[in-house]
>>> print(open('protein_9.cif').read())   # mmCIF, C-alpha atoms (C1' of nucleotides)
data_my_file
loop_
_atom_site.label_atom_id
_atom_site.label_comp_id
_atom_site.auth_asym_id
_atom_site.auth_seq_id
_atom_site.Cartn_x
_atom_site.Cartn_y
_atom_site.Cartn_z
CA MET A 14 0.76 13.05 39.65
CA GLY A 15 4.10 11.42 39.50
CA ILE A 16 2.86 7.90 39.48
CA LYS A 17 4.36 6.49 36.36
CA VAL A 18 1.81 4.27 34.75
CA GLU A 19 3.30 1.34 32.90
CA LYS A 20 1.40 1.67 29.70
CA THR A 21 1.22 -1.93 28.62
CA LYS A 22 0.15 -0.61 25.27
CA LYS A 23 -1.32 -3.30 23.18
CA LEU A 24 0.82 -3.80 20.13
CA SER A 25 -0.59 -3.91 16.64
CA ALA A 26 -0.22 -7.11 14.69
CA SER A 27 2.35 -5.35 12.59
CA MET A 28 4.51 -4.35 15.52
CA GLU A 29 4.26 -7.84 16.94
CA ASP A 30 5.55 -9.10 13.63
CA TYR A 31 8.56 -6.83 13.84
CA LEU A 32 9.37 -8.00 17.35
CA GLU A 33 9.06 -11.57 16.24
CA ALA A 34 11.31 -11.02 13.29
CA ILE A 35 13.93 -9.44 15.51
CA VAL A 36 14.12 -12.42 17.85
CA LEU A 37 14.34 -14.77 14.93
CA MET A 38 17.13 -12.76 13.34
CA LYS A 39 19.02 -12.74 16.58
CA GLN A 40 18.56 -16.46 16.93
CA ASP A 41 19.75 -17.18 13.42
CA ASN A 42 22.40 -14.55 12.82
CA ASP A 43 23.30 -13.62 16.34
CA VAL A 44 22.42 -10.02 15.54
CA ALA A 45 19.47 -8.29 13.96
CA ARG A 46 19.99 -5.71 11.23
CA VAL A 47 17.55 -3.57 9.35
CA ARG A 48 18.35 -5.27 6.11
CA ASP A 49 17.66 -8.76 7.47
CA ILE A 50 14.40 -7.75 9.03
CA SER A 51 13.42 -6.06 5.83
CA ARG A 52 14.14 -9.13 3.73
CA PHE A 53 12.57 -11.51 6.17
CA MET A 54 9.36 -9.54 6.44
CA ASN A 55 9.13 -8.63 2.79
CA VAL A 56 9.05 -4.99 3.59
CA ARG A 57 11.21 -2.08 2.48
CA LYS A 58 13.94 -0.78 4.69
CA PRO A 59 12.31 2.53 5.51
CA SER A 60 9.37 0.62 6.89
CA VAL A 61 11.69 -1.19 9.23
CA THR A 62 13.34 2.03 10.36
CA GLY A 63 9.90 3.44 11.00
CA ALA A 64 8.79 0.46 13.00
CA LEU A 65 11.99 0.49 15.03
CA ASN A 66 11.34 4.09 15.97
CA VAL A 67 7.89 3.19 17.19
CA LEU A 68 9.15 0.22 19.14
CA SER A 69 11.98 2.27 20.61
CA GLU A 70 9.49 4.85 21.82
CA LYS A 71 7.64 2.10 23.59
CA GLY A 72 10.82 0.90 25.20
CA LEU A 73 10.79 -2.47 23.51
CA VAL A 74 13.78 -2.09 21.26
CA VAL A 75 17.21 -0.52 21.47
CA HIS A 76 18.50 0.86 18.25
CA GLU A 77 21.17 3.48 17.74
CA ARG A 78 21.42 5.02 14.33
CA TYR A 79 23.22 2.83 11.85
CA GLY A 80 23.69 0.21 14.52
CA TYR A 81 22.38 -3.23 15.31
CA VAL A 82 18.92 -3.76 16.65
CA ASP A 83 18.37 -5.18 20.08
CA LEU A 84 15.44 -5.93 22.31
CA THR A 85 14.95 -4.59 25.79
CA ARG A 86 14.00 -7.08 28.44
CA GLU A 87 10.36 -6.18 27.97
CA GLY A 88 10.66 -6.36 24.20
CA GLU A 89 12.22 -9.76 24.47
CA LYS A 90 9.41 -10.92 26.68
CA LEU A 91 6.76 -9.77 24.27
CA ALA A 92 8.60 -11.14 21.28
CA GLN A 93 8.88 -14.54 22.89
CA LYS A 94 5.22 -14.49 23.71
CA VAL A 95 4.32 -13.94 20.09
CA LEU A 96 6.82 -16.52 18.93
CA LYS A 97 5.40 -19.05 21.32
CA LYS A 98 1.93 -18.47 20.01
CA HIS A 99 3.20 -18.89 16.50
CA LYS A 100 4.95 -22.14 17.23
CA MET A 101 2.04 -23.46 19.18
CA MET A 102 -0.29 -22.71 16.32
CA VAL A 103 1.96 -24.43 13.81
CA LYS A 104 2.18 -27.46 16.00
CA PHE A 105 -1.55 -27.61 16.30
CA LEU A 106 -2.28 -27.09 12.63
CA CYS A 107 0.56 -29.20 11.33
CA GLY A 108 1.10 -31.75 14.01
CA ILE A 109 -2.44 -32.42 15.07
CA LEU A 110 -4.66 -31.40 12.18
CA LYS A 111 -2.06 -32.31 9.56
CA ILE A 112 -2.47 -29.16 7.56
CA ASP A 113 0.27 -28.71 4.94
CA HIS A 114 3.19 -27.01 6.54
CA GLU A 115 3.20 -24.02 4.22
CA ILE A 116 -0.42 -23.25 4.74
CA ALA A 117 -0.15 -23.84 8.45
CA ALA A 118 2.69 -21.35 8.59
CA ILE A 119 0.64 -18.72 6.80
CA ASP A 120 -2.38 -19.27 9.02
CA ALA A 121 -0.25 -19.24 12.14
CA CYS A 122 1.37 -15.96 11.12
CA LYS A 123 -2.00 -14.31 11.14
CA MET A 124 -3.65 -16.14 13.99
CA GLU A 125 -0.79 -15.61 16.40
CA HIS A 126 -2.06 -12.08 16.89
CA SER A 127 -5.57 -13.02 17.88
CA ILE A 128 -5.13 -15.69 20.49
CA SER A 129 -6.26 -14.88 23.99
CA PRO A 130 -4.22 -16.15 26.92
CA GLN A 131 -6.94 -18.58 27.82
CA THR A 132 -7.06 -20.07 24.37
CA PHE A 133 -3.29 -20.24 24.24
CA LYS A 134 -3.19 -22.16 27.47
CA LYS A 135 -5.89 -24.60 26.47
CA LEU A 136 -4.47 -25.27 23.06
CA SER A 137 -0.99 -25.72 24.45
CA LYS A 138 -2.25 -28.23 26.94
CA PHE A 139 -4.15 -29.95 24.21
CA ILE A 140 -1.00 -30.35 22.19
CA GLU A 141 0.81 -31.65 25.23
CA PHE A 142 -2.03 -34.04 25.83
CA VAL A 143 -1.65 -35.44 22.35
CA GLU A 144 2.12 -35.56 22.41
CA THR A 145 2.42 -37.36 25.69
CA CYS A 146 -0.21 -39.88 24.79
CA PRO A 147 0.72 -43.39 25.85
CA ASP A 148 -0.70 -44.87 22.64
CA GLY A 149 2.52 -44.04 20.87
CA GLU A 150 3.27 -41.46 18.22
CA ARG A 151 -0.31 -40.45 17.55
CA PRO A 152 -3.24 -41.28 19.79
CA ASP A 153 -5.70 -43.81 18.47
CA TRP A 154 -8.55 -41.35 18.48
CA LEU A 155 -6.53 -39.02 16.28
CA LYS A 156 -5.82 -41.82 13.88
CA SER A 157 -9.54 -42.39 13.88
CA PHE A 158 -9.97 -38.81 12.89
CA ASP A 159 -7.43 -39.10 10.12
CA ARG A 160 -9.45 -41.95 8.71
CA TYR A 161 -12.69 -40.12 9.24
CA PHE A 162 -11.35 -37.17 7.35
CA LYS A 163 -10.15 -39.26 4.46
CA THR A 164 -12.96 -41.74 4.13
CA GLY A 165 -15.82 -40.13 5.96
CA ARG A 166 -16.19 -43.32 7.90
CA ARG A 167 -15.49 -43.77 11.55
CA PRO A 168 -14.07 -47.04 12.76
CA GLU A 169 -16.62 -48.45 15.10
CA CYS A 170 -15.66 -47.79 18.63
CA ARG A 171 -14.94 -50.45 21.14
CA VAL A 172 -18.23 -50.17 22.97
CA ARG A 173 -20.25 -50.93 19.89
CA GLN A 174 -17.99 -53.77 18.92
CA ILE A 175 -18.43 -55.26 22.31
CA LYS A 176 -22.16 -54.81 22.11
CA ARG A 177 -22.22 -56.41 18.71
CA LYS A 178 -20.19 -59.33 19.90
CA ALA A 179 -22.59 -59.80 22.75
CA LYS A 180 -25.47 -59.68 20.34
CA ASN A 181 -23.92 -62.30 18.12
CA LYS A 182 -23.48 -64.62 21.01
CA LYS A 183 -27.14 -64.68 21.76
CA MET B 18 -9.51 -5.33 -24.33
CA GLY B 19 -13.01 -5.46 -23.15
CA ILE B 20 -12.77 -8.68 -21.28
CA LYS B 21 -14.25 -7.83 -17.93
CA VAL B 22 -12.09 -9.36 -15.29
CA GLU B 23 -13.96 -10.52 -12.23
CA LYS B 24 -11.74 -8.99 -9.63
CA THR B 25 -12.24 -11.33 -6.72
CA LYS B 26 -10.53 -8.74 -4.63
CA LYS B 27 -9.56 -10.08 -1.30
CA LEU B 28 -11.48 -8.25 1.36
CA SER B 29 -9.83 -6.70 4.36
CA ALA B 30 -10.75 -8.00 7.78
CA SER B 31 -12.63 -4.81 8.31
CA MET B 32 -14.76 -5.19 5.22
CA GLU B 33 -15.45 -8.80 6.08
CA ASP B 34 -16.69 -7.59 9.43
CA TYR B 35 -19.11 -5.21 7.78
CA LEU B 36 -20.47 -7.93 5.54
CA GLU B 37 -20.89 -10.20 8.50
CA ALA B 38 -22.69 -7.53 10.47
CA ILE B 39 -25.07 -6.93 7.59
CA VAL B 40 -26.14 -10.57 7.38
CA LEU B 41 -26.62 -10.69 11.10
CA MET B 42 -28.71 -7.54 11.08
CA LYS B 43 -30.84 -8.93 8.30
CA GLN B 44 -31.27 -12.16 10.19
CA ASP B 45 -32.28 -10.44 13.40
CA ASN B 46 -34.19 -7.38 12.23
CA ASP B 47 -35.15 -8.45 8.76
CA VAL B 48 -33.42 -5.37 7.40
CA ALA B 49 -30.01 -3.80 7.87
CA ARG B 50 -29.66 -0.10 8.58
CA VAL B 51 -26.63 2.07 9.05
CA ARG B 52 -27.53 2.76 12.63
CA ASP B 53 -27.75 -0.90 13.56
CA ILE B 54 -24.52 -1.80 11.89
CA SER B 55 -22.89 1.13 13.59
CA ARG B 56 -24.09 0.08 17.02
CA PHE B 57 -23.33 -3.56 16.49
CA MET B 58 -19.80 -2.91 15.33
CA ASN B 59 -19.02 -0.18 17.79
CA VAL B 60 -18.16 2.21 15.07
CA ARG B 61 -19.51 5.66 14.16
CA LYS B 62 -22.07 6.06 11.47
CA PRO B 63 -19.80 7.80 8.98
CA SER B 64 -17.50 4.81 9.11
CA VAL B 65 -20.40 2.60 8.11
CA THR B 66 -21.37 4.88 5.26
CA GLY B 67 -17.77 4.79 4.11
CA ALA B 68 -17.56 1.04 4.25
CA LEU B 69 -20.85 0.67 2.40
CA ASN B 70 -19.49 2.80 -0.40
CA VAL B 71 -16.46 0.58 -0.68
CA LEU B 72 -18.56 -2.57 -0.64
CA SER B 73 -20.97 -1.11 -3.18
CA GLU B 74 -18.08 -0.37 -5.51
CA LYS B 75 -17.09 -3.99 -5.27
CA GLY B 76 -20.59 -5.10 -6.06
CA LEU B 77 -21.17 -6.77 -2.74
CA VAL B 78 -23.75 -4.47 -1.30
CA VAL B 79 -26.76 -2.53 -2.56
CA HIS B 80 -27.39 0.70 -0.78
CA GLU B 81 -29.34 3.69 -2.01
CA ARG B 82 -28.92 6.91 -0.12
CA TYR B 83 -30.91 7.00 3.08
CA GLY B 84 -32.22 3.55 2.36
CA TYR B 85 -31.80 0.07 3.74
CA VAL B 86 -28.69 -1.94 3.13
CA ASP B 87 -28.80 -5.14 1.18
CA LEU B 88 -26.35 -7.71 -0.03
CA THR B 89 -25.89 -8.76 -3.61
CA ARG B 90 -25.76 -12.45 -4.29
CA GLU B 91 -21.99 -12.33 -4.23
CA GLY B 92 -21.99 -10.26 -1.07
CA GLU B 93 -24.29 -12.72 0.58
CA LYS B 94 -22.02 -15.56 -0.40
CA LEU B 95 -18.96 -13.91 1.05
CA ALA B 96 -20.79 -12.85 4.18
CA GLN B 97 -21.98 -16.38 4.79
CA LYS B 98 -18.49 -17.65 4.30
CA VAL B 99 -17.18 -15.38 7.01
CA LEU B 100 -20.08 -16.18 9.28
CA LYS B 101 -19.48 -19.88 8.85
CA LYS B 102 -15.86 -19.47 9.82
CA HIS B 103 -16.91 -17.51 12.83
CA LYS B 104 -19.42 -20.08 13.99
CA MET B 105 -17.03 -22.91 13.34
CA MET B 106 -14.38 -21.21 15.39
CA VAL B 107 -16.76 -20.62 18.29
CA LYS B 108 -17.83 -24.21 18.20
CA PHE B 109 -14.26 -25.34 18.31
CA LEU B 110 -13.17 -23.01 21.07
CA CYS B 111 -16.30 -23.29 23.14
CA GLY B 112 -17.63 -26.71 22.37
CA ILE B 113 -14.41 -28.65 22.14
CA LEU B 114 -11.81 -26.69 24.06
CA LYS B 115 -14.33 -25.33 26.55
CA ILE B 116 -13.08 -21.78 26.40
CA ASP B 117 -15.43 -19.31 28.09
CA HIS B 118 -18.02 -18.22 25.60
CA GLU B 119 -17.18 -14.54 25.79
CA ILE B 120 -13.51 -15.04 25.18
CA ALA B 121 -14.19 -17.58 22.48
CA ALA B 122 -16.37 -15.05 20.72
CA ILE B 123 -13.67 -12.42 20.83
CA ASP B 124 -11.02 -14.80 19.56
CA ALA B 125 -13.31 -16.07 16.85
CA CYS B 126 -14.04 -12.54 15.68
CA LYS B 127 -10.40 -12.03 14.95
CA MET B 128 -9.43 -15.48 13.81
CA GLU B 129 -12.27 -15.79 11.33
CA HIS B 130 -10.28 -13.59 8.99
CA SER B 131 -7.15 -15.70 8.98
CA ILE B 132 -8.38 -19.20 8.33
CA SER B 133 -7.34 -20.82 5.08
CA PRO B 134 -9.83 -23.01 3.26
CA GLN B 135 -7.80 -26.06 4.13
CA THR B 136 -7.79 -25.28 7.80
CA PHE B 137 -11.47 -24.49 7.72
CA LYS B 138 -12.25 -27.83 6.18
CA LYS B 139 -10.09 -29.79 8.59
CA LEU B 140 -11.38 -28.03 11.66
CA SER B 141 -14.97 -28.40 10.52
CA LYS B 142 -14.48 -32.09 10.02
CA PHE B 143 -12.84 -32.32 13.37
CA ILE B 144 -15.84 -30.77 15.02
CA GLU B 145 -18.11 -33.12 13.15
CA PHE B 146 -15.93 -35.99 14.24
CA VAL B 147 -16.37 -35.01 17.84
CA GLU B 148 -20.06 -34.28 17.60
CA THR B 149 -21.00 -37.51 15.92
CA CYS B 150 -18.96 -39.57 18.29
CA PRO B 151 -20.73 -42.73 19.37
CA ASP B 152 -19.45 -42.38 22.95
CA GLY B 153 -22.29 -39.97 23.64
CA GLU B 154 -22.23 -36.27 24.32
CA ARG B 155 -18.47 -35.92 24.53
CA PRO B 156 -15.97 -38.53 23.38
CA ASP B 157 -14.07 -40.32 26.09
CA TRP B 158 -10.72 -39.04 24.90
CA LEU B 159 -12.00 -35.48 25.21
CA LYS B 160 -13.15 -36.16 28.71
CA SER B 161 -9.67 -37.43 29.32
CA PHE B 162 -8.36 -34.15 28.09
CA ASP B 163 -10.71 -32.23 30.36
CA ARG B 164 -9.30 -34.11 33.28
CA TYR B 165 -5.76 -33.72 32.03
CA PHE B 166 -6.26 -30.00 31.79
CA LYS B 167 -7.67 -29.71 35.26
CA THR B 168 -5.49 -32.12 37.15
CA GLY B 169 -2.48 -32.56 34.91
CA ARG B 170 -3.00 -36.27 35.20
CA ARG B 171 -4.05 -38.55 32.44
CA PRO B 172 -6.25 -41.52 33.21
CA GLU B 173 -4.31 -44.55 32.20
CA CYS B 174 -5.41 -45.78 28.88
CA ARG B 175 -6.99 -49.11 28.26
CA VAL B 176 -3.91 -50.73 26.82
CA ARG B 177 -1.94 -50.16 29.96
CA GLN B 178 -4.75 -51.30 32.14
CA ILE B 179 -5.01 -54.46 30.17
CA LYS B 180 -1.28 -54.97 30.37
CA ARG B 181 -1.35 -54.37 34.07
CA LYS B 182 -4.16 -56.84 34.55
CA ALA B 183 -2.21 -59.39 32.60
CA LYS B 184 0.81 -58.72 34.75
CA ASN B 185 -1.16 -59.18 37.90
CA LYS B 186 -2.44 -62.50 36.75
CA LYS B 187 1.01 -63.93 36.41
"C1'" DG C 26 -48.73 20.17 8.39
"C1'" DA C 27 -44.97 22.02 11.38
"C1'" DA C 28 -41.70 21.20 14.87
"C1'" DA C 29 -38.84 17.95 17.13
"C1'" DT C 30 -36.15 13.86 16.83
"C1'" DA C 31 -33.74 10.19 14.73
"C1'" DT C 32 -31.04 8.72 10.96
"C1'" DG C 33 -27.69 9.22 7.25
"C1'" DT C 34 -24.18 11.83 4.61
"C1'" DT C 35 -20.34 14.91 3.67
"C1'" DA C 36 -16.11 17.13 4.59
"C1'" DA C 37 -11.98 17.52 6.89
"C1'" DC C 38 -8.75 15.44 9.47
"C1'" DG C 39 -5.65 11.87 12.34
"C1'" DT C 40 -3.24 7.42 12.67
"C1'" DT C 41 -1.07 3.41 11.05
"C1'" DT C 42 1.61 1.25 7.85
"C1'" DC C 43 3.35 0.84 3.84
"C1'" DC C 44 5.91 2.91 -0.37
"C1'" DT C 45 9.57 5.57 -3.53
"C1'" DA C 46 13.27 8.75 -4.21
"C1'" DA C 47 17.09 10.96 -2.59
"C1'" DC C 48 20.55 11.35 0.76
"C1'" DT C 49 24.13 9.87 4.39
"C1'" DA C 50 27.13 6.76 6.77
"C1'" DA C 51 29.94 2.73 7.09
"C1'" DG C 52 32.79 -0.92 5.29
"C1'" DA C 53 35.55 -3.17 1.57
"C1'" DA C 54 38.71 -2.89 -2.27
"C1'" DA C 55 41.87 -0.51 -5.13
"C1'" DT D 8 43.38 7.25 1.15
"C1'" DT D 9 40.03 7.51 -2.22
"C1'" DT D 10 36.39 5.15 -4.30
"C1'" DC D 11 32.72 1.83 -4.76
"C1'" DT D 12 29.15 -0.72 -2.61
"C1'" DT D 13 26.09 -1.76 0.82
"C1'" DA D 14 23.25 -0.44 4.66
"C1'" DG D 15 20.43 2.86 6.88
"C1'" DT D 16 17.83 7.26 7.19
"C1'" DT D 17 14.88 11.14 5.89
"C1'" DA D 18 11.25 13.27 3.44
"C1'" DG D 19 7.08 13.06 1.24
"C1'" DG D 20 3.05 10.66 -0.10
"C1'" DA D 21 -0.71 7.07 -0.65
"C1'" DA D 22 -4.27 3.84 1.03
"C1'" DA D 23 -7.17 2.01 4.60
"C1'" DC D 24 -9.89 3.01 8.38
"C1'" DG D 25 -11.40 5.43 11.93
"C1'" DT D 26 -12.98 10.07 14.13
"C1'" DT D 27 -15.73 14.71 14.85
"C1'" DA D 28 -18.56 18.55 13.29
"C1'" DA D 29 -21.89 20.20 10.42
"C1'" DC D 30 -25.47 19.45 7.27
"C1'" DA D 31 -29.49 16.82 4.86
"C1'" DT D 32 -33.25 13.86 4.94
"C1'" DA D 33 -36.79 10.91 7.12
"C1'" DT D 34 -39.93 9.99 10.63
"C1'" DT D 35 -42.64 11.02 14.75
"C1'" DT D 36 -45.50 13.52 17.35
"C1'" DC D 37 -48.38 17.12 18.51
#
>>> encode(input="protein_9.cif", output="structure tokens")
Amino acid sequence: MGIKVEKTKKLSASMEDYLEAIVLMKQDNDVARVRDISRFMNVRKPSVTGALNVLSEKGLVVHERYGYVDLTREGEKLAQKVLKKHKMMVKFLCGILKIDHEIAAIDACKMEHSISPQTFKKLSKFIEFVETCPDGERPDWLKSFDRYFKTGRRPECRVRQIKRKAKNKK
Amino acid sequence: MGIKVEKTKKLSASMEDYLEAIVLMKQDNDVARVRDISRFMNVRKPSVTGALNVLSEKGLVVHERYGYVDLTREGEKLAQKVLKKHKMMVKFLCGILKIDHEIAAIDACKMEHSISPQTFKKLSKFIEFVETCPDGERPDWLKSFDRYFKTGRRPECRVRQIKRKAKNKK
DNA sequence: GAAATATGTTAACGTTTCCTAACTAAGAAA
DNA sequence: TTTCTTAGTTAGGAAACGTTAACATATTTC
């Protein structure tokens, strides 16, 4: 009865992709046009028009016929959220796990739609934790992992070395 | 002409979910029935029947009318693959990142469909690396991260401490 | 064994998301 | 300005995946 419920409709992965593409286009070209979105997403133009109609309905996008595409404040917010997840995921896969960039990008594109807020937060902090490590570029334990992954062997950790030294002294 | 091409059709996330459910049902109840799959997946029975037809066509499932559901060897292989990804993801989210189990399960359910082989391998090794750590239950660096996440502070690493000690001695 | 219940299937339909073909509008070039 | 090209839209349809309603088959239970 008159109370307007903000339907924070959950967006489909597809719609999230469109939002994401729009921000990226605006970042790169200053404006977003159907054609660019279409090319970027590997999708035909009518698909873009269709998606824009849906997103307009939801109040996430502003788009007058034959005109540029823009995001509403809410659309922008959502788009940034998705973009952040994407970038975070790439950083994790590429930067920490050292997955090939191309593959990481593909994985991130899909995973960005399935990350809960809690997981996003934790993973982001994890990345921060690694990046701000005082060891230098890459923390020692991560270098250990790199070696472990390559060789299957783990450099003995300090504790053991110390123990061994002690043993030898006896 | 006549060469039978093994169409290793990529399965949709949905179909992967059905396969996964079937293995789980068989593990738990010894057999898989439409009703169980339906309940487990939160989907109506006709949807299950439909999916089973699709999977039968692809040679992944054996299902005679009104009978139990079974996996072919290939179906079993694919199902296990998905299940492995799922379990790996839960281990990572829960065991390493310490995401709440419920949320981790939800995330894993979605992410399991978007993990490339390379990422799967790396993440699996990473988990192994953590689990076989000689520090004990949880590696020291991970404990550091736990603290970092909670408090935002990072315990100073050994190198610095050593440096500081040296400084103090001067 | 017959009735009641549980299980499974079919048919018809809705939604989402993509496509092609054909059309319209806008912008550039002559 | 008229024409050519590019960009965008509309209409119509297909595939994937889910739903409900109605029907068919198994299984219990008395």
>>> closest_atom_pairs(input="protein_9.cif", of="chain A", to="chain C", cutoff="8 Å", atoms="only C-alpha atoms (C1' of nucleotides)", output="JSON lines")
{"residue": "A:Arg57", "atom": "CA", "partner": "C:DC44", "partner_atom": "C1'", "distance": 7.8}
{"residue": "A:Ser60", "atom": "CA", "partner": "C:DC43", "partner_atom": "C1'", "distance": 6.8}
{"residue": "A:Tyr79", "atom": "CA", "partner": "C:DA50", "partner_atom": "C1'", "distance": 7.5}
>>> write_last_selection(input="protein_9.cif", atoms="C-alpha atoms", output="short mmCIF file (atom, residue, chain, number, x, y, z; two decimals), in the frame of the given file")
data_model
loop_
_atom_site.label_atom_id
_atom_site.label_comp_id
_atom_site.auth_asym_id
_atom_site.auth_seq_id
_atom_site.Cartn_x
_atom_site.Cartn_y
_atom_site.Cartn_z
CA ARG A 57 11.21 -2.08 2.48
CA SER A 60 9.37 0.62 6.89
CA TYR A 79 23.22 2.83 11.85
#
>>> closest_atom_pairs(input="protein_9.cif", of="chain A", to="chain D", cutoff="9 Å", atoms="all atoms listed in the file", output="Markdown table")
| residue | atom | partner | partner_atom | distance |
| --- | --- | --- | --- | --- |
| A:Val47 | CA | D:DG15 | C1' | 7.5 |
| A:Arg48 | CA | D:DA14 | C1' | 7.0 |
| A:Lys58 | CA | D:DG15 | C1' | 7.8 |
| A:Pro59 | CA | D:DT16 | C1' | 7.5 |
| A:Thr62 | CA | D:DT16 | C1' | 7.6 |
| A:Arg78 | CA | D:DG15 | C1' | 7.8 |
| A:Tyr79 | CA | D:DG15 | C1' | 5.7 |
| A:Gly80 | CA | D:DG15 | C1' | 8.7 |
>>> interface_residues(input="protein_9.cif", of="chain A", to="chain B", cutoff="6 Å", atoms="all atoms listed in the file", output="MDAnalysis selection string")
chainID A and resid 120 123:124 127
>>> atom_distance(input="protein_9.cif", atom1="atom CA of A:Glu29", atom2="atom CA of A:Lys94")
9.5 Å
>>> atom_distance(input="protein_9.cif", atom1="atom CA of B:Val40", atom2="atom CA of B:Gly92")
9.4 Å
>>> atom_distance(input="protein_9.cif", atom1="atom CA of B:Lys101", atom2="atom CA of B:Leu41")
11.9 Å
>>> residues_around(input="protein_9.cif", residues="A:Lys22", least_positions_apart="6", cutoff="12 Å", atoms="all atoms listed in the file", output="number ranges by chain")
A: 28-29, 67-68, 70-73, 87, 91
>>> write_last_selection(input="protein_9.cif", atoms="C-alpha atoms", output="PDB file, in the frame of the given file")
ATOM      1  CA  MET A  28       4.510  -4.350  15.520  1.00  0.00           C
ATOM      2  CA  GLU A  29       4.260  -7.840  16.940  1.00  0.00           C
ATOM      3  CA  VAL A  67       7.890   3.190  17.190  1.00  0.00           C
ATOM      4  CA  LEU A  68       9.150   0.220  19.140  1.00  0.00           C
ATOM      5  CA  GLU A  70       9.490   4.850  21.820  1.00  0.00           C
ATOM      6  CA  LYS A  71       7.640   2.100  23.590  1.00  0.00           C
ATOM      7  CA  GLY A  72      10.820   0.900  25.200  1.00  0.00           C
ATOM      8  CA  LEU A  73      10.790  -2.470  23.510  1.00  0.00           C
ATOM      9  CA  GLU A  87      10.360  -6.180  27.970  1.00  0.00           C
ATOM     10  CA  LEU A  91       6.760  -9.770  24.270  1.00  0.00           C
TER      11      LEU A  91
END
>>> build_atoms(input="protein_9.cif", residues="stretch 113-129 of chain B", atoms="N, CA and C atoms", output="short mmCIF file (atom, residue, chain, number, x, y, z; two decimals), keeping the file's coordinate frame")
data_model
loop_
_atom_site.label_atom_id
_atom_site.label_comp_id
_atom_site.auth_asym_id
_atom_site.auth_seq_id
_atom_site.Cartn_x
_atom_site.Cartn_y
_atom_site.Cartn_z
N ILE B 113 -15.44 -27.62 21.98
CA ILE B 113 -14.41 -28.65 22.14
C ILE B 113 -13.40 -28.27 23.21
N LEU B 114 -12.84 -27.07 23.08
CA LEU B 114 -11.81 -26.69 24.06
C LEU B 114 -12.40 -26.18 25.37
N LYS B 115 -13.68 -25.85 25.35
CA LYS B 115 -14.33 -25.33 26.55
C LYS B 115 -13.76 -24.00 27.04
N ILE B 116 -13.45 -23.15 26.07
CA ILE B 116 -13.08 -21.78 26.40
C ILE B 116 -14.36 -21.04 26.78
N ASP B 117 -14.26 -20.11 27.72
CA ASP B 117 -15.43 -19.31 28.09
C ASP B 117 -16.06 -18.68 26.85
N HIS B 118 -17.36 -18.65 26.83
CA HIS B 118 -18.02 -18.22 25.60
C HIS B 118 -17.61 -16.82 25.18
N GLU B 119 -17.52 -15.92 26.13
CA GLU B 119 -17.18 -14.54 25.79
C GLU B 119 -15.82 -14.43 25.13
N ILE B 120 -14.87 -15.08 25.73
CA ILE B 120 -13.51 -15.04 25.18
C ILE B 120 -13.47 -15.74 23.84
N ALA B 121 -14.15 -16.85 23.76
CA ALA B 121 -14.19 -17.58 22.48
C ALA B 121 -14.74 -16.68 21.38
N ALA B 122 -15.76 -15.92 21.72
CA ALA B 122 -16.37 -15.05 20.72
C ALA B 122 -15.38 -14.00 20.25
N ILE B 123 -14.66 -13.43 21.19
CA ILE B 123 -13.67 -12.42 20.83
C ILE B 123 -12.59 -13.02 19.93
N ASP B 124 -12.05 -14.14 20.36
CA ASP B 124 -11.02 -14.80 19.56
C ASP B 124 -11.55 -15.13 18.17
N ALA B 125 -12.74 -15.67 18.12
CA ALA B 125 -13.31 -16.07 16.85
C ALA B 125 -13.46 -14.88 15.90
N CYS B 126 -13.87 -13.75 16.48
CA CYS B 126 -14.04 -12.54 15.68
C CYS B 126 -12.78 -12.15 14.95
N LYS B 127 -11.66 -12.39 15.60
CA LYS B 127 -10.40 -12.03 14.95
C LYS B 127 -9.91 -13.15 14.05
N MET B 128 -10.00 -14.36 14.55
CA MET B 128 -9.43 -15.48 13.81
C MET B 128 -10.18 -15.77 12.52
N GLU B 129 -11.45 -15.47 12.51
CA GLU B 129 -12.27 -15.79 11.33
C GLU B 129 -11.68 -15.21 10.05
#
